[in-house]
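Source file: entry00.cif. Holds: mmCIF, C-alpha atoms and all ligand atoms.
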data_entry
#
loop_
_atom_site.group_PDB
_atom_site.id
_atom_site.type_symbol
_atom_site.label_atom_id
_atom_site.label_comp_id
_atom_site.auth_asym_id
_atom_site.auth_seq_id
_atom_site.Cartn_x
_atom_site.Cartn_y
_atom_site.Cartn_z
ATOM 1 C CA MET W 1 -8.375 44.209 28.163
ATOM 2 C CA LEU W 2 -7.220 41.893 25.427
ATOM 3 C CA ASP W 3 -9.230 42.244 22.240
ATOM 4 C CA SER W 4 -10.445 38.814 21.091
ATOM 5 C CA LEU W 5 -8.884 39.557 17.698
ATOM 6 C CA ASP W 6 -5.495 39.644 19.415
ATOM 7 C CA GLN W 7 -5.777 36.139 20.745
ATOM 8 C CA ALA W 8 -4.044 33.272 18.973
ATOM 9 C CA ILE W 9 -6.231 30.550 17.489
ATOM 10 C CA SER W 10 -4.728 27.057 17.472
ATOM 11 C CA LEU W 11 -6.223 24.102 15.656
ATOM 12 C CA THR W 12 -5.048 20.544 15.235
ATOM 13 C CA ALA W 13 -4.702 19.445 11.634
ATOM 14 C CA PRO W 14 -5.355 15.739 12.124
ATOM 15 C CA ALA W 15 -3.932 12.910 10.058
ATOM 16 C CA LYS W 16 -6.397 11.717 7.422
ATOM 17 C CA ILE W 17 -6.653 7.955 7.100
ATOM 18 C CA ASN W 18 -8.162 6.233 4.089
ATOM 19 C CA LEU W 19 -9.540 3.063 5.711
ATOM 20 C CA ALA W 20 -10.529 1.901 2.232
ATOM 21 C CA LEU W 21 -9.751 3.509 -1.119
ATOM 22 C CA HIS W 22 -11.270 2.287 -4.376
ATOM 23 C CA VAL W 23 -10.321 3.839 -7.710
ATOM 24 C CA THR W 24 -13.427 3.823 -9.909
ATOM 25 C CA GLY W 25 -12.482 5.857 -12.976
ATOM 26 C CA GLN W 26 -10.610 8.810 -14.402
ATOM 27 C CA ARG W 27 -11.825 12.229 -15.512
ATOM 28 C CA ASP W 28 -10.820 13.793 -18.819
ATOM 29 C CA ASP W 29 -8.477 16.147 -16.931
ATOM 30 C CA GLY W 30 -6.535 13.161 -15.567
ATOM 31 C CA TYR W 31 -7.852 13.248 -11.987
ATOM 32 C CA HIS W 32 -9.038 9.907 -10.679
ATOM 33 C CA LEU W 33 -12.497 9.098 -9.394
ATOM 34 C CA LEU W 34 -12.397 7.588 -5.947
ATOM 35 C CA ASP W 35 -14.674 5.945 -3.423
ATOM 36 C CA SER W 36 -12.991 6.153 -0.044
ATOM 37 C CA LEU W 37 -13.973 5.671 3.589
ATOM 38 C CA VAL W 38 -11.982 8.242 5.527
ATOM 39 C CA VAL W 39 -11.457 8.842 9.239
ATOM 40 C CA PHE W 40 -9.303 11.347 11.117
ATOM 41 C CA ALA W 41 -6.794 10.556 13.835
ATOM 42 C CA GLY W 42 -6.405 12.097 17.263
ATOM 43 C CA PHE W 43 -2.887 13.057 16.147
ATOM 44 C CA GLY W 44 -1.688 15.688 13.710
ATOM 45 C CA ASP W 45 -0.016 18.992 12.995
ATOM 46 C CA LYS W 46 -0.901 22.174 14.802
ATOM 47 C CA ILE W 47 -1.773 25.464 13.097
ATOM 48 C CA THR W 48 -1.674 28.688 15.091
ATOM 49 C CA VAL W 49 -2.805 32.032 13.671
ATOM 50 C CA LYS W 50 -2.551 35.434 15.310
ATOM 51 C CA ARG W 51 -3.079 39.061 14.286
ATOM 52 C CA ALA W 52 0.236 40.750 13.393
ATOM 53 C CA ASN W 53 1.608 43.951 11.928
ATOM 54 C CA ALA W 54 2.834 42.077 8.892
ATOM 55 C CA ASP W 55 2.296 38.576 7.506
ATOM 56 C CA SER W 56 4.726 35.935 8.684
ATOM 57 C CA PHE W 57 5.011 32.160 8.515
ATOM 58 C CA HIS W 58 7.042 29.959 10.784
ATOM 59 C CA LEU W 59 7.584 26.196 10.745
ATOM 60 C CA SER W 60 8.383 24.144 13.825
ATOM 61 C CA GLY W 61 8.135 20.537 14.981
ATOM 62 C CA PRO W 62 9.925 17.319 14.015
ATOM 63 C CA TYR W 63 9.058 17.620 10.297
ATOM 64 C CA GLY W 64 9.177 21.433 10.076
ATOM 65 C CA ASP W 65 12.479 21.374 8.213
ATOM 66 C CA GLY W 66 11.085 19.232 5.403
ATOM 67 C CA LEU W 67 8.761 21.868 3.979
ATOM 68 C CA PRO W 68 9.254 25.132 2.085
ATOM 69 C CA ALA W 69 8.274 28.242 4.065
ATOM 70 C CA ASP W 70 7.456 30.154 0.874
ATOM 71 C CA SER W 71 4.257 30.695 -1.068
ATOM 72 C CA SER W 72 4.381 27.133 -2.440
ATOM 73 C CA ASN W 73 3.367 25.935 1.038
ATOM 74 C CA LEU W 74 -0.307 24.942 1.106
ATOM 75 C CA VAL W 75 -0.777 26.879 4.351
ATOM 76 C CA LEU W 76 0.168 30.133 2.631
ATOM 77 C CA LYS W 77 -1.840 29.222 -0.447
ATOM 78 C CA ALA W 78 -4.854 28.748 1.856
ATOM 79 C CA ARG W 79 -4.229 32.135 3.497
ATOM 80 C CA ASP W 80 -3.841 33.866 0.126
ATOM 81 C CA ARG W 81 -6.932 32.270 -1.488
ATOM 82 C CA LEU W 82 -9.142 33.196 1.463
ATOM 83 C CA ARG W 83 -7.718 36.715 1.557
ATOM 84 C CA ALA W 84 -8.329 37.137 -2.179
ATOM 85 C CA GLU W 85 -12.030 36.425 -1.560
ATOM 86 C CA PHE W 86 -12.310 38.534 1.606
ATOM 87 C CA PRO W 87 -9.772 41.365 1.170
ATOM 88 C CA ASP W 88 -11.545 43.723 3.572
ATOM 89 C CA GLU W 89 -11.486 41.323 6.552
ATOM 90 C CA ALA W 90 -8.044 39.828 5.964
ATOM 91 C CA PHE W 91 -5.640 41.788 8.197
ATOM 92 C CA PRO W 92 -1.997 40.579 8.432
ATOM 93 C CA VAL W 93 -1.415 37.336 10.325
ATOM 94 C CA ALA W 94 1.425 35.440 11.909
ATOM 95 C CA ILE W 95 0.996 31.735 11.157
ATOM 96 C CA ASN W 96 2.875 28.890 12.806
ATOM 97 C CA LEU W 97 2.770 25.336 11.487
ATOM 98 C CA ASP W 98 3.968 22.810 14.055
ATOM 99 C CA LYS W 99 4.656 19.829 11.808
ATOM 100 C CA HIS W 100 4.285 16.367 13.350
ATOM 101 C CA LEU W 101 3.100 14.402 10.329
ATOM 102 C CA PRO W 102 5.678 13.061 7.871
ATOM 103 C CA ILE W 103 5.753 14.884 4.522
ATOM 104 C CA ALA W 104 4.155 13.380 1.379
ATOM 105 C CA SER W 105 3.044 10.338 3.267
ATOM 106 C CA GLY W 106 -0.569 9.529 2.376
ATOM 107 C CA ILE W 107 -2.162 10.863 5.554
ATOM 108 C CA GLY W 108 -3.097 14.235 4.138
ATOM 109 C CA GLY W 109 -0.707 16.388 6.102
ATOM 110 C CA GLY W 110 -0.626 19.232 3.584
ATOM 111 C CA SER W 111 -4.372 19.037 2.889
ATOM 112 C CA SER W 112 -5.212 18.938 6.585
ATOM 113 C CA ASP W 113 -2.892 21.899 7.250
ATOM 114 C CA ALA W 114 -4.637 23.842 4.476
ATOM 115 C CA ALA W 115 -8.094 22.953 5.841
ATOM 116 C CA SER W 116 -7.177 23.957 9.390
ATOM 117 C CA THR W 117 -5.602 27.201 8.150
ATOM 118 C CA LEU W 118 -8.849 28.064 6.355
ATOM 119 C CA LYS W 119 -10.912 27.276 9.471
ATOM 120 C CA ALA W 120 -8.596 29.213 11.787
ATOM 121 C CA LEU W 121 -8.517 32.269 9.511
ATOM 122 C CA VAL W 122 -12.283 32.235 8.967
ATOM 123 C CA SER W 123 -12.524 32.477 12.728
ATOM 124 C CA LEU W 124 -9.730 35.052 13.253
ATOM 125 C CA TRP W 125 -10.911 37.284 10.419
ATOM 126 C CA CYS W 126 -14.572 36.897 11.532
ATOM 127 C CA ILE W 127 -15.565 35.863 8.013
ATOM 128 C CA ARG W 128 -19.111 34.764 7.288
ATOM 129 C CA ILE W 129 -18.880 32.094 4.617
ATOM 130 C CA ASP W 130 -21.210 29.266 3.742
ATOM 131 C CA PRO W 131 -19.677 25.771 3.879
ATOM 132 C CA ALA W 132 -20.102 25.149 0.129
ATOM 133 C CA ARG W 133 -18.023 28.224 -0.732
ATOM 134 C CA LEU W 134 -15.358 27.254 1.796
ATOM 135 C CA ASN W 135 -15.283 23.737 0.314
ATOM 136 C CA ASN W 136 -14.747 25.230 -3.146
ATOM 137 C CA ILE W 137 -11.818 27.281 -1.901
ATOM 138 C CA GLY W 138 -10.505 24.072 -0.284
ATOM 139 C CA LEU W 139 -10.949 22.067 -3.474
ATOM 140 C CA SER W 140 -8.965 24.687 -5.414
ATOM 141 C CA LEU W 141 -6.061 23.893 -3.058
ATOM 142 C CA GLY W 142 -6.242 20.099 -3.346
ATOM 143 C CA ALA W 143 -8.677 17.220 -3.835
ATOM 144 C CA ASP W 144 -8.389 16.108 -0.201
ATOM 145 C CA VAL W 145 -8.958 19.536 1.363
ATOM 146 C CA PRO W 146 -12.809 19.361 1.429
ATOM 147 C CA MET W 147 -12.743 16.057 3.344
ATOM 148 C CA CYS W 148 -10.215 17.574 5.743
ATOM 149 C CA LEU W 149 -12.531 20.570 6.246
ATOM 150 C CA HIS W 150 -15.229 18.037 7.171
ATOM 151 C CA GLY W 151 -12.787 16.421 9.635
ATOM 152 C CA ARG W 152 -15.062 13.543 10.680
ATOM 153 C CA PRO W 153 -15.695 10.045 9.297
ATOM 154 C CA VAL W 154 -16.893 10.404 5.731
ATOM 155 C CA VAL W 155 -17.164 8.654 2.394
ATOM 156 C CA ALA W 156 -15.456 10.735 -0.285
ATOM 157 C CA ARG W 157 -16.314 10.268 -3.946
ATOM 158 C CA GLY W 158 -15.658 12.191 -7.148
ATOM 159 C CA ILE W 159 -12.030 13.260 -6.934
ATOM 160 C CA GLY W 160 -12.579 13.611 -3.203
ATOM 161 C CA GLU W 161 -15.016 16.504 -3.093
ATOM 162 C CA GLU W 162 -18.347 14.634 -2.962
ATOM 163 C CA LEU W 163 -18.771 13.965 0.719
ATOM 164 C CA GLU W 164 -21.298 11.647 2.310
ATOM 165 C CA LYS W 165 -21.454 11.578 6.080
ATOM 166 C CA VAL W 166 -21.125 8.117 7.652
ATOM 167 C CA ALA W 167 -23.713 7.459 10.341
ATOM 168 C CA THR W 168 -21.285 6.124 12.945
ATOM 169 C CA VAL W 169 -17.769 4.808 12.951
ATOM 170 C CA PRO W 170 -16.636 3.612 16.375
ATOM 171 C CA ARG W 171 -13.402 4.900 17.858
ATOM 172 C CA LEU W 172 -10.602 2.775 16.368
ATOM 173 C CA PRO W 173 -7.355 2.202 18.333
ATOM 174 C CA MET W 174 -4.606 2.499 15.729
ATOM 175 C CA VAL W 175 -0.916 2.628 15.008
ATOM 176 C CA LEU W 176 0.462 4.743 12.154
ATOM 177 C CA VAL W 177 3.826 3.781 10.704
ATOM 178 C CA ASN W 178 6.036 5.365 8.066
ATOM 179 C CA ASP W 179 9.528 4.154 7.216
ATOM 180 C CA GLY W 180 10.721 7.596 6.115
ATOM 181 C CA ASN W 181 10.157 7.195 2.378
ATOM 182 C CA ALA W 182 8.190 10.001 0.744
ATOM 183 C CA ILE W 183 6.203 9.051 -2.325
ATOM 184 C CA SER W 184 4.714 11.235 -5.043
ATOM 185 C CA THR W 185 0.927 10.903 -5.326
ATOM 186 C CA PRO W 186 0.810 11.736 -9.069
ATOM 187 C CA GLN W 187 3.458 9.067 -9.744
ATOM 188 C CA VAL W 188 1.382 6.476 -7.903
ATOM 189 C CA PHE W 189 -1.781 7.398 -9.820
ATOM 190 C CA ASN W 190 0.202 7.276 -13.094
ATOM 191 C CA ALA W 191 1.467 3.782 -12.269
ATOM 192 C CA LEU W 192 -2.060 2.368 -11.797
ATOM 193 C CA LYS W 193 -2.773 -0.652 -14.009
ATOM 194 C CA LYS W 194 -6.556 -0.596 -13.552
ATOM 195 C CA ARG W 195 -8.705 2.468 -13.069
ATOM 196 C CA ASN W 196 -12.276 1.226 -13.445
ATOM 197 C CA ASN W 197 -12.789 -0.819 -10.307
ATOM 198 C CA THR W 198 -16.102 -1.177 -8.512
ATOM 199 C CA GLY W 199 -16.925 1.268 -5.737
ATOM 200 C CA LEU W 200 -17.064 0.445 -2.046
ATOM 201 C CA PRO W 201 -19.708 -2.049 -0.956
ATOM 202 C CA ALA W 202 -22.612 -0.434 0.919
ATOM 203 C CA ILE W 203 -21.558 0.405 4.454
ATOM 204 C CA PRO W 204 -23.572 -1.559 7.018
ATOM 205 C CA GLU W 205 -24.236 -0.368 10.543
ATOM 206 C CA LEU W 206 -20.823 -0.267 12.216
ATOM 207 C CA LYS W 207 -21.522 -0.940 15.881
ATOM 208 C CA ASN W 208 -18.046 -1.943 17.029
ATOM 209 C CA ILE W 209 -14.446 -2.384 15.910
ATOM 210 C CA ALA W 210 -15.100 -5.937 14.696
ATOM 211 C CA ASP W 211 -17.898 -4.646 12.422
ATOM 212 C CA VAL W 212 -15.522 -2.058 10.939
ATOM 213 C CA CYS W 213 -12.804 -4.648 10.281
ATOM 214 C CA ALA W 214 -15.276 -7.175 8.838
ATOM 215 C CA TYR W 215 -16.422 -4.458 6.428
ATOM 216 C CA LEU W 216 -12.885 -3.372 5.576
ATOM 217 C CA GLU W 217 -11.958 -6.976 4.721
ATOM 218 C CA GLN W 218 -14.326 -6.629 1.755
ATOM 219 C CA THR W 219 -12.499 -3.516 0.567
ATOM 220 C CA LYS W 220 -9.006 -2.526 -0.565
ATOM 221 C CA ASN W 221 -6.636 0.292 -1.134
ATOM 222 C CA HIS W 222 -6.401 0.112 -4.933
ATOM 223 C CA LEU W 223 -3.276 2.291 -4.903
ATOM 224 C CA PHE W 224 -1.244 -0.281 -2.966
ATOM 225 C CA ALA W 225 0.092 -2.301 -5.941
ATOM 226 C CA ALA W 226 1.194 0.881 -7.751
ATOM 227 C CA THR W 227 2.933 2.192 -4.629
ATOM 228 C CA ALA W 228 4.619 -1.187 -4.087
ATOM 229 C CA GLU W 229 5.967 -1.086 -7.636
ATOM 230 C CA LEU W 230 7.556 2.323 -7.011
ATOM 231 C CA LEU W 231 8.493 1.636 -3.408
ATOM 232 C CA PRO W 232 8.951 -2.093 -2.698
ATOM 233 C CA GLU W 233 9.810 -1.265 0.947
ATOM 234 C CA ILE W 234 6.114 -0.623 1.590
ATOM 235 C CA VAL W 235 5.652 -4.391 1.845
ATOM 236 C CA GLU W 236 8.070 -4.465 4.797
ATOM 237 C CA THR W 237 6.018 -1.757 6.529
ATOM 238 C CA ILE W 238 2.828 -3.820 6.157
ATOM 239 C CA ASP W 239 4.678 -6.984 7.269
ATOM 240 C CA ALA W 240 5.998 -5.135 10.331
ATOM 241 C CA LEU W 241 2.481 -4.055 11.271
ATOM 242 C CA ASN W 242 1.125 -7.550 10.662
ATOM 243 C CA SER W 243 3.813 -8.984 12.972
ATOM 244 C CA THR W 244 2.038 -7.159 15.843
ATOM 245 C CA SER W 245 -1.187 -9.158 15.227
ATOM 246 C CA PRO W 246 -3.554 -6.289 14.487
ATOM 247 C CA LEU W 247 -7.150 -6.776 13.373
ATOM 248 C CA LEU W 248 -6.193 -5.192 10.053
ATOM 249 C CA ALA W 249 -3.167 -3.470 8.497
ATOM 250 C CA ARG W 250 -3.300 -1.381 5.319
ATOM 251 C CA MET W 251 -1.709 1.546 3.490
ATOM 252 C CA SER W 252 -3.391 4.979 3.662
ATOM 253 C CA GLY W 253 -3.809 7.116 0.526
ATOM 254 C CA SER W 254 -0.915 6.707 -1.890
ATOM 255 C CA GLY W 255 1.415 5.776 0.978
ATOM 256 C CA ALA W 256 3.875 5.363 2.365
ATOM 257 C CA THR W 257 2.165 5.643 5.765
ATOM 258 C CA CYS W 258 0.366 2.469 6.790
ATOM 259 C CA PHE W 259 -2.076 1.983 9.642
ATOM 260 C CA ALA W 260 -3.167 -0.945 11.756
ATOM 261 C CA ILE W 261 -6.324 -1.301 13.832
ATOM 262 C CA TYR W 262 -6.348 -3.030 17.223
ATOM 263 C CA ASP W 263 -8.943 -4.284 19.697
ATOM 264 C CA ASN W 264 -8.044 -1.721 22.336
ATOM 265 C CA ASP W 265 -5.613 1.090 23.239
ATOM 266 C CA GLU W 266 -3.340 -1.244 25.238
ATOM 267 C CA ALA W 267 -2.812 -3.518 22.220
ATOM 268 C CA ALA W 268 -2.085 -0.477 20.017
ATOM 269 C CA SER W 269 0.363 0.864 22.595
ATOM 270 C CA ALA W 270 2.168 -2.470 22.924
ATOM 271 C CA ALA W 271 2.425 -2.775 19.138
ATOM 272 C CA ALA W 272 3.823 0.766 18.856
ATOM 273 C CA SER W 273 6.456 0.090 21.561
ATOM 274 C CA HIS W 274 7.542 -3.069 19.782
ATOM 275 C CA LEU W 275 7.776 -1.304 16.410
ATOM 276 C CA ARG W 276 9.712 1.633 17.883
ATOM 277 C CA LYS W 277 12.273 -0.751 19.360
ATOM 278 C CA THR W 278 12.584 -2.779 16.166
ATOM 279 C CA TYR W 279 12.656 0.185 13.774
ATOM 280 C CA PRO W 280 14.070 3.114 15.745
ATOM 281 C CA SER W 281 14.265 5.414 12.703
ATOM 282 C CA TRP W 282 10.615 4.951 11.688
ATOM 283 C CA PHE W 283 7.701 7.259 12.454
ATOM 284 C CA VAL W 284 5.503 5.217 14.790
ATOM 285 C CA ILE W 285 2.473 6.716 16.539
ATOM 286 C CA GLU W 286 -0.253 5.096 18.581
ATOM 287 C CA THR W 287 -3.484 6.999 18.197
ATOM 288 C CA HIS W 288 -7.161 6.431 17.537
ATOM 289 C CA SER W 289 -9.693 7.642 15.051
ATOM 290 C CA ALA W 290 -12.077 10.323 16.240
ATOM 291 C CA GLU W 291 -15.644 9.098 16.596
ATOM 292 C CA GLU W 292 -18.413 10.698 14.581
ATOM 293 C CA GLY W 293 -19.649 13.771 16.396
ATOM 294 C CA HIS W 294 -16.404 14.348 18.368
HETATM 295 O O1 LIG V 1 -5.322 17.506 -5.534
HETATM 296 P P1 LIG V 1 -3.922 17.208 -5.103
HETATM 297 O O2 LIG V 1 -2.976 18.328 -5.406
HETATM 298 O O3 LIG V 1 -3.842 16.727 -3.693
HETATM 299 O O4 LIG V 1 -3.471 15.963 -5.976
HETATM 300 C C1 LIG V 1 -2.141 15.673 -6.267
HETATM 301 C C2 LIG V 1 -2.076 14.860 -7.536
HETATM 302 O O5 LIG V 1 -2.609 13.548 -7.305
HETATM 303 C C3 LIG V 1 -2.890 15.414 -8.702
HETATM 304 O O6 LIG V 1 -2.148 16.332 -9.446
HETATM 305 C C4 LIG V 1 -3.208 14.172 -9.500
HETATM 306 O O7 LIG V 1 -2.097 13.818 -10.303
HETATM 307 C C5 LIG V 1 -3.332 13.108 -8.437
HETATM 308 N N1 LIG V 1 -4.740 12.868 -8.041
HETATM 309 C C6 LIG V 1 -5.573 12.153 -8.883
HETATM 310 N N2 LIG V 1 -6.871 11.921 -8.522
HETATM 311 C C7 LIG V 1 -7.340 12.376 -7.334
HETATM 312 C C8 LIG V 1 -6.495 13.098 -6.452
HETATM 313 C C9 LIG V 1 -5.191 13.327 -6.837
HETATM 314 O O8 LIG V 1 -5.178 11.722 -9.963
HETATM 315 N N3 LIG V 1 -8.616 12.123 -7.005
#
Render the structure in this file as structure tokens.
Amino acid sequence: MLDSLDQAISLTAPAKINLALHVTGQRDDGYHLLDSLVVFAGFGDKITVKRANADSFHLSGPYGDGLPADSSNLVLKARDRLRAEFPDEAFPVAINLDKHLPIASGIGGGSSDAASTLKALVSLWCIRIDPARLNNIGLSLGADVPMCLHGRPVVARGIGEELEKVATVPRLPMVLVNDGNAISTPQVFNALKKRNNTGLPAIPELKNIADVCAYLEQTKNHLFAATAELLPEIVETIDALNSTSPLLARMSGSGATCFAIYDNDEAASAAASHLRKTYPSWFVIETHSAEEGH
């Protein structure tokens, strides 16, 4: 009989989408204070962990070549931090990262990979850990890791670690687009002209997609101007999305991935087909945000 410890555990590491991102201040250590409404897509990387005789790490997938397979990879940092806290439980593991999200692209690929690695290893190693401690380990890996551990619609404040659950966010048909340009998050934050903006307006009851878009119209991604200064091509990405008549198009995180929201899956699919034909080298994915509770 197969021991349960010998079974592989696979988790999706979904794309993180900042529907709105306000920059409200800066801490003494340089990190920025944010107020961001975040959802997660039905599309992402895949992390698989399995008991092994010795540790190993393998990268696969369309973007697997773009990442280091050494200890600088956030997946291995996540493994090593968790092991350091639970040395007795942490037997050797084979980890595979199937990379489908573009690298350094504002949709939290690395952070989501780290969060899913932590979750998968907590399960494989049968670790009992309270969520606050796991969040702290996550935060030590990156400001976006706690929200990725949450994995459901959330408002993130502080540098990203203060999480407030959002009552409901309806399922949003979406297209994600990236023109292939990677952008450095610290560079974008450094290029900000204004850091003391107001926070997000109070979130009303969001009953349907129109309610979400009406709310988002009152919000911004405050990183957009700084990204556009460093990467003027981002404007073409937004224009391309707007040419498909979405309800709303915007950049996620520090870019360069942008998203658009549509009325229904058919409209998102049609927009994605059009964009794929027009920009064959771009990353174009039709997806949807996961609803609260799913
Ligand atoms: O935490 P993480 O490693 O993902 O952040 C990358 C960089 O982005 C930080 O070193 C910092 O320069 C910048 N950052 C920031 N404020 C945040 C999150 C990230 O200034 N809230």
- Skipping near chain neighbours, those fewer than 4 positions away, what residues fall within 6 Å of region 49-60 of chain W using all atoms listed in the file, listed as number ranges by chain? W: 6, 8-9, 64, 92-98
- Within 10 Å of ligand LIG 1 (chain V), counting only C-alpha atoms and all ligand atoms: which residues, as a ChimeraX atom specification? /W:23,25-27,29-35,74,106,108,110-111,138-145,156-161,184-190,253-254
- Task: For the point (-10.0, 3.2, 18.1) in the file's frame, write as a PyMOL selection string all residues with an atom no more than 10 Å away, counting only C-alpha atoms.
- Result: chain W and resi 41-42+169-175+208-209+261-265+268+286-291
- Go through the shown structure with the PyMOL selection byres (((chain W and resi 102) around 12) and not hetatm) and write out the matching residues as a ChimeraX atom specification. /W:15,43-45,61-67,98-101,103-110,176-183,255-258,282-285
- Query: Interatomic distance between CA of Cys126 (chain W) and CA of Pro68 (chain W)?
  - Reply: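 Taking CA of Cys126 (chain W) as the start and CA of Pro68 (chain W) as the end point, the length is 28.2 Å.
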